[in-house]
Amino acid sequence: MELIELFQNKTGYYNKQIKFEVILLSIGIILLLTQSFDKTYAFVIILLAFVIFISNTYVNIRNSSLGDFNKITMFKLNSLKNKTNIYSQYKMRQMYQGKLAQTKQSTNSMENKLNSLYIDSNMIHFLYSILPLYQYNPNEFYLLLKTTDQLLQIKKEILEFYEANNKYPENIAEMFEISIGLKTSGINHLHNFIYSVPKLNRMYNYMNDVVNRYNILISRNTDDIHKAYLHHNKLTGINNSTKIVSYNTTKPYDPILNHSINEAKSQTFGNKLIPFYI
């Protein structure tokens, strides 16, 4: 029975949430029925059987919906992986024109390298929803996927290291610093689509919404890394070897990672680029 298995063997945040919901449901049914019927021994037995039946049915429905969600998420993840494979093979064919054997070996080694994207289902569903942007700029979309996956890999490595050793990596400050840079790069890859998409106000508004949504989703992951970084400093204490990384301060303009808001103004000042902040 799913109900017995839930309370005996299953742990984790999702299962704890279902347990809480089942308990609330059971209490609600008991309170409702005890106020409507006489409290006899037969009634108590029937009540307990009914509560168990309803609770078990509820758990089955929740597990079934979770299974469907996981299948959909896996399909979308594989679709994103497929896009990275297609683009990787295209780039390798360009690099090794005429060298088919070398191309085949190289492309096989590059396939399915989105190894950490699976830890954020919300990000998977979002990236899949903007998959049509791939046709406007395959390179930027590929870089967006790889940059996002690299940031999630940092988060995964930090969490796995802590679970295994009950402490954080010694270079967590550097890892946190890299994640901030990856977040900036991911946002800029999306910004760069503005040069490729159709020149329509509707598309510009859409891109603005896409960038804002991505910023929210990616910030949740950098927030988790930041919490781990602060927890590490709390556990080890602040000393001369502690590297302080500022998270919420604005970042200066980087001519490599950022693009100019107004190209005409940039050309007016020659090589001097006007700073802006993200």
# chains A, B, ... in the order shown; residues from 1 in each chain; ligands from 1
call {"tool": "residues_around", "arguments": {"residues": "range 167-175 of chain A", "least_positions_apart": "2", "cutoff": "9 Å", "atoms": "only C-alpha atoms", "output": "PyMOL selection string"}}
result
chain A and resi 154-155+157-159+161-165+177-180+225+228-229+231-232+235+242-245
call {"tool": "residues_around", "arguments": {"residues": "Phe75 in chain A", "least_positions_apart": "4", "cutoff": "12 Å", "atoms": "only C-alpha atoms", "output": "list in words"}}
result
Asp68, Phe69, Asn70, Lys71, Ser79, Leu80, Lys81, Asn82, Tyr118, Ser121, Ile124, His125 and Tyr128 of chain A
call {"tool": "residues_around", "arguments": {"residues": "Asn215 in chain A", "least_positions_apart": "6", "cutoff": "12 Å", "atoms": "only C-alpha atoms", "output": "list in words"}}
result
Met123, Phe126, Thr148, Ile180, Leu182, Lys183, Thr184, Ser185, Gly186, Ile187, Asn188, His189, Leu190, His191, Asn208, Asp209, Asn221, Thr222, Asp223 and Ile278 of chain A
call {"tool": "atom_distance", "arguments": {"atom1": "CA of Ile30 in chain A", "atom2": "CA of Leu47 in chain A"}}
result
7.2 Å
call {"tool": "residues_around", "arguments": {"residues": "Asp149 in chain A", "least_positions_apart": "3", "cutoff": "7 Å", "atoms": "only C-alpha atoms", "output": "number ranges by chain"}}
result
A: 114, 116-117, 145-146, 152-153
call {"tool": "atom_distance", "arguments": {"atom1": "CA of Lys91 in chain A", "atom2": "CA of Tyr134 in chain A"}}
result
14.8 Å
